[in-house]
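The next block holds one structure in the form of structure tokens; read it before the comments.
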Amino acid sequence: MKRFAFLAIPFAFAACGDNKAVEQPIDAPPVDIDAQDIDARVIDAPPPIDAREIDAPPAVTYSGTISVLEAALLNPGTSGTFFGQGVQIGISFNGSDQVPAPVMEEQPGTPFGCKAWVYDRNQAIAASLGVDEGPVQINSPAGSGTALYPTCSYQAGAGYLCPETATAGAGGTIAAGPAAGTATLTVSGVPYLPTNTTNRYVRITGATNATNNGVFPIALPATGGTIVYVNPGFVAETLPAASTHINLAGIGPTPSAADPGFLLDPTTLDFVHTSGGGGHIATFTHSTPAAAGVGDDFALTAASTTLLNALPRDGSAFTIACDPASCAAGSAAGALLNIVTTNGTPSASPFDMPLPAMTNGRRVQIRCAVLGASGTSVTVPAAYSAFLTAAMTNNATRIQATFIRPTLMSTLNNTNSISGHAIVGFTN
């Protein structure tokens, strides 16, 4: 299942590729598409005796990104109000043959400055899903061995997910919720507790009515056998015995959540990876630096809050900036702006970022990173803004922009880890 495009973010603060940082549509079904197969060329005949020797293809190398971000999601338009906020866990491991090289770079060979990528549909799927390299456990406080979220593991066709296994079941009843746009799921066994429903999503599969299948934000903490979740398109039904449901952690914002949110500034974390799957990434533990918590919560300037939901369409340079009062020195390692486009057809959800279209599929990504005390704003130069404008004129349907203030945890074992806060907007 894809997360928000902010949410599988490629950084140097996170690895290059797809920002899982907020590409999880709020009410869209998971992505059930297999990762791209590695192409192999077949040489049908030997070369002539005097032909030049064919060079061997470069060896495939593997790298990863792990991010834990408290993301605040702007409502559409220019009101500056928020749908809610919540924790997005982004885990992605990729082979070097799965993601394209940048087509533009300000500072080649470094993770800083601005870079641009173009993905076809297969590359977008491969980058979003990644490959299985073994489970990841997120613990807090750092060094305590205490699980903050359930173990995250790779699921074919969905990428890394963090399931609340105690909530897994079959059947149940879907009915109208207490407010417009909400529904209830009632199941036997009384599996729900605040710990497995707060800032969680429910995934439902196998329902008779197609609009009941998908991944939906849980609206209220629950105790007992009923949860309330957001699905404006629900249809009341008794679910078939073969249907399934399970709650998921780390998918992203849930409705109406407000500060202080779920990932407080002083929080310290361990990301504990156990080698598995393809076995290309060795076991490691990445930890929050001893003197720091996660990248602090912040606010944008009023102008930047508006701009994040309405990026320029004329190719002009633009800047997204923190409100100075909320971005003090030492509150984060820097700033990163990740912009992703799609030319797929979005659903009715204003937050849906579908995969590129089946025909002439295309995803454009622009990532600009600033490290250090100056990292309170990010400027997208005119050349990169023009590149984005070209994407808009080539049938882009929606743009997701995510501004991140992270703590850089580690780059051990060819894997980058960050934690912090983010604000996400969408331009139609």
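Each chain of the structure tokens is named A, B, ... in the order shown, its residues numbered from 1; ligands are numbered from 1 in display order.
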
Can you list every residue in stretch 258-321 of chain A that DSSP puts in helix (DSSP H, G or I), as a JSON list (two decimals) with N, CA and C atoms, in the first residue's frame?
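Listed below is the output, selection_10.json:
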```json
[["chain", "number", "residue", "atom", "x", "y", "z"],
["A", 302, "ALA", "N", 2.36, 32.45, 6.76],
["A", 302, "ALA", "CA", 1.03, 32.43, 6.15],
["A", 302, "ALA", "C", 1.12, 32.32, 4.64],
["A", 303, "ALA", "N", 2.07, 33.04, 4.03],
["A", 303, "ALA", "CA", 2.20, 33.00, 2.57],
["A", 303, "ALA", "C", 2.62, 31.61, 2.10],
["A", 304, "SER", "N", 3.52, 30.95, 2.85],
["A", 304, "SER", "CA", 3.98, 29.63, 2.46],
["A", 304, "SER", "C", 2.90, 28.58, 2.66],
["A", 305, "THR", "N", 2.08, 28.74, 3.69],
["A", 305, "THR", "CA", 0.96, 27.82, 3.90],
["A", 305, "THR", "C", 0.02, 27.85, 2.70],
["A", 306, "THR", "N", -0.26, 29.05, 2.21],
["A", 306, "THR", "CA", -1.11, 29.18, 1.02],
["A", 306, "THR", "C", -0.43, 28.60, -0.21],
["A", 307, "LEU", "N", 0.86, 28.86, -0.35],
["A", 307, "LEU", "CA", 1.59, 28.44, -1.54],
["A", 307, "LEU", "C", 1.71, 26.92, -1.63],
["A", 308, "LEU", "N", 1.78, 26.25, -0.48],
["A", 308, "LEU", "CA", 1.93, 24.80, -0.48],
["A", 308, "LEU", "C", 0.72, 24.11, -1.12]]
```

Can you tell me which residues surround A:Ala170 at a distance of at most 7 Å, considering only C-alpha atoms, apart from same-chain residues fewer than 4 positions away, and format the answer as a PyMOL selection string? chain A and resi 241-245

Please report the interatomic distance between atom CA of A:Gly84 and atom CA of A:Ala257 in Å with one decimal.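 Between atom CA of A:Gly84 and atom CA of A:Ala257 the gap is 4.6 Å.
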
Residue with the minimum atom-to-atom distance to A:Ala156, picked from A:Pro266, A:Gly261, A:Pro100, A:Gly277 with only C-alpha atoms counted, is A:Gly277

Give me, please, the distance in Å between atom CA of A:Thr342 and atom CA of A:Gln365, quoted to one decimal.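 Atom-to-atom, atom CA of A:Thr342 to atom CA of A:Gln365, that is 9.4 Å.
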
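You can rank A:Thr81, A:Asn395, A:Asn196, A:Gln98 by their closest distance to A:Thr345 using only C-alpha atoms, and at the top of that list sits A:Asn395.
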
Determine the nearest neighbour of A:Pro354 from the options A:Thr198, A:Gln85, A:Gln400, A:Ser331, counting only C-alpha atoms. A:Gln400
